[in-house]
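> Below are the structure tokens for one structure; questions will follow.
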Amino acid sequence: MDALASLSPVVQALVAALFTWGMTAAGAAAVFLSREVNRRLLDSMLGFAAGVMIAASYWSLLAPAIEMAAGGALPAWFPAVSGFLMGGAFLRLVDRLLPHLHVGEMTPEGLKSPWQRTTLLVLAITLHNFPEGLAVGVAFGALAAGLPTAATSGAMALALGIGIQNLPEGLAVSMPLRREGISRGKSFFYGQLSGVVEPVAAVLGAAAVMLAQPILPYALAFAAGAMIFVVAEDLIPEAQRGGYVHEATLGVMLGFAVMMFLDVALG
């Protein structure tokens, strides 16, 4: 931790996001297993990922945003509420414009495109991963502001939680591609490729809040809104698609508890 703390916030964000990308690749590597992952287990893992993102959105993003805005010219709730809604609206706009295909569905969303089904599947998960990388970047970028609510341990807890929930997301890309007849190697490649956007988003997020610190509460809330949009729009519905609703719900509860523990204990 000391070695990471000695780096600039942008480099810290890059290192942390490379870790979350690596966890995506580790999940995608499950495609090399001799047996396909059980659907009940996958639904539980997707539920777990949703729980982690919900908890991270509050403890790591919204709560610090409200605390940072306290005592400002505007009410403390304003940056959190407005940033949160802007994050959801931004993801909705991208969802309408970017051609992509959700796992288990046959009709692509977004603008019409001649792109192959494989590309559309990868773009759907890439869309999910952008707000996660942004959240990591903003959390580390907040360190440059020198605020008491921003701590390296808290940012690292967020990166660890997102990394853990990236395991099922990588798996959720590679396994469906394998079922469509794509080789294991290509399925793994496309699965890990969906996480490439996270280091890019992390660096952009960290640099943005360092250059314009007044936007920090809005940026934290924006990342939270984008993450909650992904949870409500995709993760929870996908976790329940296989019919294991109770297992998925238990996964949400467990993921929320794990992320809450990480943030409170390490933050």
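Residue names in the structure tokens use chain letters A, B, ... in the order shown, residue numbers from 1 in each chain, and ligand numbers from 1 in the order shown.
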Can you pull out every residue within 8 Å of range 141-144 of chain A, counting only C-alpha atoms, but drop anything in the same chain fewer than 4 positions away, and send it as a short mmCIF file (atom, residue, chain, number, x, y, z; two decimals) with C-alpha atoms, in the first residue's frame?


data_model
loop_
_atom_site.label_atom_id
_atom_site.label_comp_id
_atom_site.auth_asym_id
_atom_site.auth_seq_id
_atom_site.Cartn_x
_atom_site.Cartn_y
_atom_site.Cartn_z
CA PRO A 9 -3.24 9.74 -8.22
CA VAL A 10 -3.41 9.24 -12.01
CA ALA A 13 -5.80 4.94 -10.79
CA GLY A 137 -10.33 6.94 -11.41
CA ALA A 150 -10.48 10.86 0.41
CA ALA A 151 -8.06 8.11 1.47
CA THR A 152 -5.86 5.72 -0.48
CA GLY A 205 -11.65 10.22 -14.41
CA ALA A 206 -8.59 10.84 -12.24
CA ALA A 207 -7.19 13.49 -14.57
CA ALA A 208 -10.55 15.29 -14.86
CA VAL A 209 -11.07 15.74 -11.13
CA MET A 210 -7.44 16.76 -10.59
CA GLN A 213 -11.46 19.84 -8.31
CA LEU A 216 -15.30 16.23 -7.70
#

> For range 233-243 of chain A, please output as a CSV table (one decimal) with C-alpha atoms, in the first residue's frame all residues within 12 Å (counting only C-alpha atoms; exclusion window: fewer than 6 positions along the same chain).


chain,number,residue,atom,x,y,z
A,38,ASN,CA,-23.2,-24.1,-13.7
A,39,ARG,CA,-26.0,-21.6,-14.5
A,40,ARG,CA,-27.0,-21.4,-10.8
A,41,LEU,CA,-23.5,-20.5,-9.9
A,42,LEU,CA,-23.3,-17.9,-12.6
A,43,ASP,CA,-26.5,-16.3,-11.6
A,44,SER,CA,-25.3,-16.1,-8.0
A,45,MET,CA,-22.0,-14.6,-9.1
A,46,LEU,CA,-23.9,-12.0,-11.2
A,47,GLY,CA,-26.0,-11.2,-8.2
A,48,PHE,CA,-22.9,-10.8,-6.2
A,49,ALA,CA,-21.5,-8.4,-8.7
A,50,ALA,CA,-24.7,-6.3,-8.5
A,51,GLY,CA,-24.5,-6.2,-4.7
A,52,VAL,CA,-20.9,-5.0,-4.8
A,53,MET,CA,-21.7,-2.2,-7.2
A,54,ILE,CA,-24.7,-1.1,-5.2
A,88,GLY,CA,-27.8,7.5,-15.3
A,91,LEU,CA,-25.5,5.7,-19.7
A,92,ARG,CA,-29.0,5.7,-21.1
A,95,ASP,CA,-27.2,2.7,-24.4
A,101,LEU,CA,-26.3,-7.0,-27.8
A,102,HIS,CA,-27.0,-8.2,-24.3
A,103,VAL,CA,-26.3,-11.8,-23.4
A,104,GLY,CA,-29.3,-14.0,-24.0
A,105,GLU,CA,-31.1,-11.6,-26.3
A,124,ALA,CA,-22.5,-4.6,-24.2
A,125,ILE,CA,-20.1,-5.6,-21.4
A,127,LEU,CA,-20.5,-0.4,-21.8
A,128,HIS,CA,-20.9,-1.9,-18.3
A,129,ASN,CA,-17.2,-1.6,-17.5
A,165,GLN,CA,-17.2,-8.4,-9.2
A,166,ASN,CA,-15.4,-8.3,-12.6
A,168,PRO,CA,-18.4,-13.0,-13.2
A,169,GLU,CA,-18.5,-10.3,-15.8
A,172,ALA,CA,-20.5,-13.7,-18.7
A,225,GLY,CA,-25.4,6.9,-11.1
A,226,ALA,CA,-23.8,5.2,-14.0
A,227,MET,CA,-23.1,2.1,-11.9
A,249,THR,CA,-30.9,-12.4,-4.6
A,250,LEU,CA,-28.6,-14.1,-2.1
A,251,GLY,CA,-25.7,-13.2,-4.3
A,252,VAL,CA,-26.8,-9.5,-4.2

> Can you pull out every residue within 12 Å of range 27-37 of chain A, counting only C-alpha atoms, but drop anything in the same chain fewer than 3 positions away, and send it as a ChimeraX atom specification?

/A:20-24,40-46,122,125,163-179,182-195

> Restricting the output to N, CA and C atoms, write the selected residues as a compact mmCIF listing (two decimals), in the first residue's frame.


# COMPACT_ATOMS: atom_id res chain seq x y z
N THR A 20 -8.31 -4.37 -12.01
CA THR A 20 -9.69 -4.75 -12.29
C THR A 20 -9.81 -5.37 -13.68
N TRP A 21 -9.01 -4.88 -14.63
CA TRP A 21 -8.98 -5.49 -15.96
C TRP A 21 -8.45 -6.93 -15.86
N GLY A 22 -7.42 -7.11 -15.06
CA GLY A 22 -6.88 -8.46 -14.88
C GLY A 22 -7.90 -9.42 -14.29
N MET A 23 -8.73 -8.92 -13.39
CA MET A 23 -9.77 -9.76 -12.80
C MET A 23 -10.83 -10.13 -13.85
N THR A 24 -11.11 -9.21 -14.76
CA THR A 24 -12.00 -9.52 -15.87
C THR A 24 -11.42 -10.65 -16.72
N ARG A 40 -26.65 -21.90 -12.15
CA ARG A 40 -26.99 -21.44 -10.81
C ARG A 40 -25.84 -20.66 -10.20
N LEU A 41 -24.63 -21.17 -10.38
CA LEU A 41 -23.45 -20.48 -9.85
C LEU A 41 -23.25 -19.14 -10.56
N LEU A 42 -23.44 -19.13 -11.88
CA LEU A 42 -23.27 -17.90 -12.64
C LEU A 42 -24.27 -16.83 -12.21
N ASP A 43 -25.54 -17.24 -12.00
CA ASP A 43 -26.55 -16.29 -11.55
C ASP A 43 -26.20 -15.73 -10.18
N SER A 44 -25.69 -16.60 -9.30
CA SER A 44 -25.28 -16.14 -7.97
C SER A 44 -24.13 -15.15 -8.06
N MET A 45 -23.19 -15.43 -8.97
CA MET A 45 -22.03 -14.55 -9.13
C MET A 45 -22.44 -13.20 -9.72
N LEU A 46 -23.38 -13.22 -10.67
CA LEU A 46 -23.86 -11.96 -11.24
C LEU A 46 -24.61 -11.15 -10.19
N VAL A 122 -19.54 -8.07 -26.98
CA VAL A 122 -18.40 -7.49 -26.26
C VAL A 122 -18.69 -6.03 -25.93
N ILE A 125 -20.82 -5.53 -22.70
CA ILE A 125 -20.09 -5.63 -21.43
C ILE A 125 -19.12 -4.47 -21.28
N GLY A 163 -12.87 -5.20 -8.70
CA GLY A 163 -12.11 -6.31 -9.27
C GLY A 163 -12.77 -7.65 -9.00
N ILE A 164 -13.25 -7.83 -7.76
CA ILE A 164 -13.92 -9.09 -7.39
C ILE A 164 -15.17 -9.31 -8.25
N GLN A 165 -15.96 -8.24 -8.43
CA GLN A 165 -17.19 -8.43 -9.20
C GLN A 165 -16.93 -8.50 -10.69
N ASN A 166 -15.71 -8.19 -11.14
CA ASN A 166 -15.38 -8.34 -12.56
C ASN A 166 -15.19 -9.80 -12.96
N LEU A 167 -14.94 -10.66 -11.99
CA LEU A 167 -14.78 -12.09 -12.31
C LEU A 167 -16.01 -12.65 -13.04
N PRO A 168 -17.21 -12.51 -12.48
CA PRO A 168 -18.37 -13.04 -13.21
C PRO A 168 -18.67 -12.29 -14.50
N GLU A 169 -18.28 -11.01 -14.57
CA GLU A 169 -18.54 -10.25 -15.80
C GLU A 169 -17.70 -10.78 -16.96
N GLY A 170 -16.42 -11.10 -16.67
CA GLY A 170 -15.59 -11.69 -17.71
C GLY A 170 -16.13 -13.04 -18.16
N LEU A 171 -16.60 -13.80 -17.18
CA LEU A 171 -17.19 -15.11 -17.47
C LEU A 171 -18.46 -14.96 -18.29
N ALA A 172 -19.24 -13.91 -17.98
CA ALA A 172 -20.51 -13.70 -18.67
C ALA A 172 -20.31 -13.33 -20.14
N VAL A 173 -19.10 -12.96 -20.53
CA VAL A 173 -18.82 -12.69 -21.94
C VAL A 173 -18.27 -13.94 -22.63
N SER A 174 -17.27 -14.56 -22.02
CA SER A 174 -16.58 -15.66 -22.70
C SER A 174 -17.45 -16.90 -22.86
N MET A 175 -18.26 -17.22 -21.86
CA MET A 175 -19.07 -18.44 -21.93
C MET A 175 -20.12 -18.40 -23.04
N PRO A 176 -20.90 -17.32 -23.17
CA PRO A 176 -21.87 -17.27 -24.28
C PRO A 176 -21.20 -17.32 -25.65
N LEU A 177 -20.03 -16.71 -25.77
CA LEU A 177 -19.32 -16.76 -27.05
C LEU A 177 -18.90 -18.19 -27.36
N ARG A 178 -18.46 -18.91 -26.35
CA ARG A 178 -18.06 -20.31 -26.53
C ARG A 178 -19.25 -21.16 -26.96
N ARG A 179 -20.43 -20.87 -26.36
CA ARG A 179 -21.63 -21.63 -26.72
C ARG A 179 -22.04 -21.37 -28.16
N ILE A 182 -17.54 -20.27 -30.99
CA ILE A 182 -16.25 -19.58 -31.10
C ILE A 182 -15.22 -20.34 -30.29
N SER A 183 -13.99 -20.38 -30.76
CA SER A 183 -12.94 -21.13 -30.08
C SER A 183 -12.71 -20.60 -28.66
N ARG A 184 -12.12 -21.44 -27.82
CA ARG A 184 -11.85 -21.03 -26.44
C ARG A 184 -10.91 -19.83 -26.40
N GLY A 185 -9.88 -19.86 -27.26
CA GLY A 185 -8.92 -18.77 -27.28
C GLY A 185 -9.57 -17.44 -27.64
N LYS A 186 -10.40 -17.44 -28.68
CA LYS A 186 -11.06 -16.21 -29.09
C LYS A 186 -12.09 -15.77 -28.06
N SER A 187 -12.78 -16.74 -27.45
CA SER A 187 -13.76 -16.40 -26.42
C SER A 187 -13.08 -15.71 -25.24
N PHE A 188 -11.92 -16.23 -24.85
CA PHE A 188 -11.16 -15.60 -23.77
C PHE A 188 -10.70 -14.21 -24.19
N PHE A 189 -10.20 -14.09 -25.42
CA PHE A 189 -9.69 -12.80 -25.90
C PHE A 189 -10.78 -11.74 -25.85
N TYR A 190 -11.97 -12.08 -26.36
CA TYR A 190 -13.05 -11.11 -26.37
C TYR A 190 -13.54 -10.83 -24.94
N GLY A 191 -13.51 -11.84 -24.08
CA GLY A 191 -13.94 -11.65 -22.70
C GLY A 191 -13.07 -10.66 -21.96
N GLN A 192 -11.74 -10.81 -22.08
CA GLN A 192 -10.85 -9.88 -21.40
C GLN A 192 -10.85 -8.51 -22.08
N LEU A 193 -11.13 -8.51 -23.39
CA LEU A 193 -11.14 -7.25 -24.13
C LEU A 193 -12.22 -6.31 -23.61
N SER A 194 -13.29 -6.89 -23.05
CA SER A 194 -14.38 -6.05 -22.54
C SER A 194 -13.93 -5.18 -21.37
N GLY A 195 -12.81 -5.57 -20.71
CA GLY A 195 -12.33 -4.81 -19.57
C GLY A 195 -11.27 -3.78 -19.92

> Could you work out how far CA of Phe130 in chain A lies from CA of Met259 in chain A, giving the answer in Å with one decimal?

19.2 Å

> For CA of Tyr58 in chain A and CA of Met260 in chain A, determine how far apart the two atoms are, in Å to one decimal place.

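Value for the CA of Tyr58 in chain A-CA of Met260 in chain A distance: 9.2 Å.
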
> Rounded to one decimal place, report the CA of Val81 in chain A-CA of Trp59 in chain A distance in Å.

15.0 Å

> Would you kindly return, as a list of chain:residue names, each protein, DNA or RNA residue with an atom no farther than 12 Å from any atom of Ala89 in chain A, considering only C-alpha atoms and excluding same-chain residues fewer than 2 positions away?

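That gives A:Ser82, A:Gly83, A:Phe84, A:Leu85, A:Met86, A:Gly87, A:Leu91, A:Arg92, A:Leu93, A:Val94, A:Asp95, A:Arg96, A:Phe222, A:Ala223, A:Ala224, A:Gly225, A:Ala226, A:Met227, A:Ile228, A:Phe229, A:Val230.
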
> Write down as a VMD selection string the residues belonging to range 38-242 of chain A that are assigned alpha helix (DSSP H) by DSSP computed on the backbone.

chain A and resid 39 to 56 63 to 69 77 to 97 117 to 141 152 to 179 184 to 193 197 to 211 216 to 230 236 to 241

> Go through A:Ala157, A:Ala73, A:Leu204, A:Ala26 and flag the residue nearest Val138 in chain A, using only C-alpha atoms for the distances.

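When distances to Val138 in chain A are compared using only C-alpha atoms, the smallest one comes from A:Leu204.
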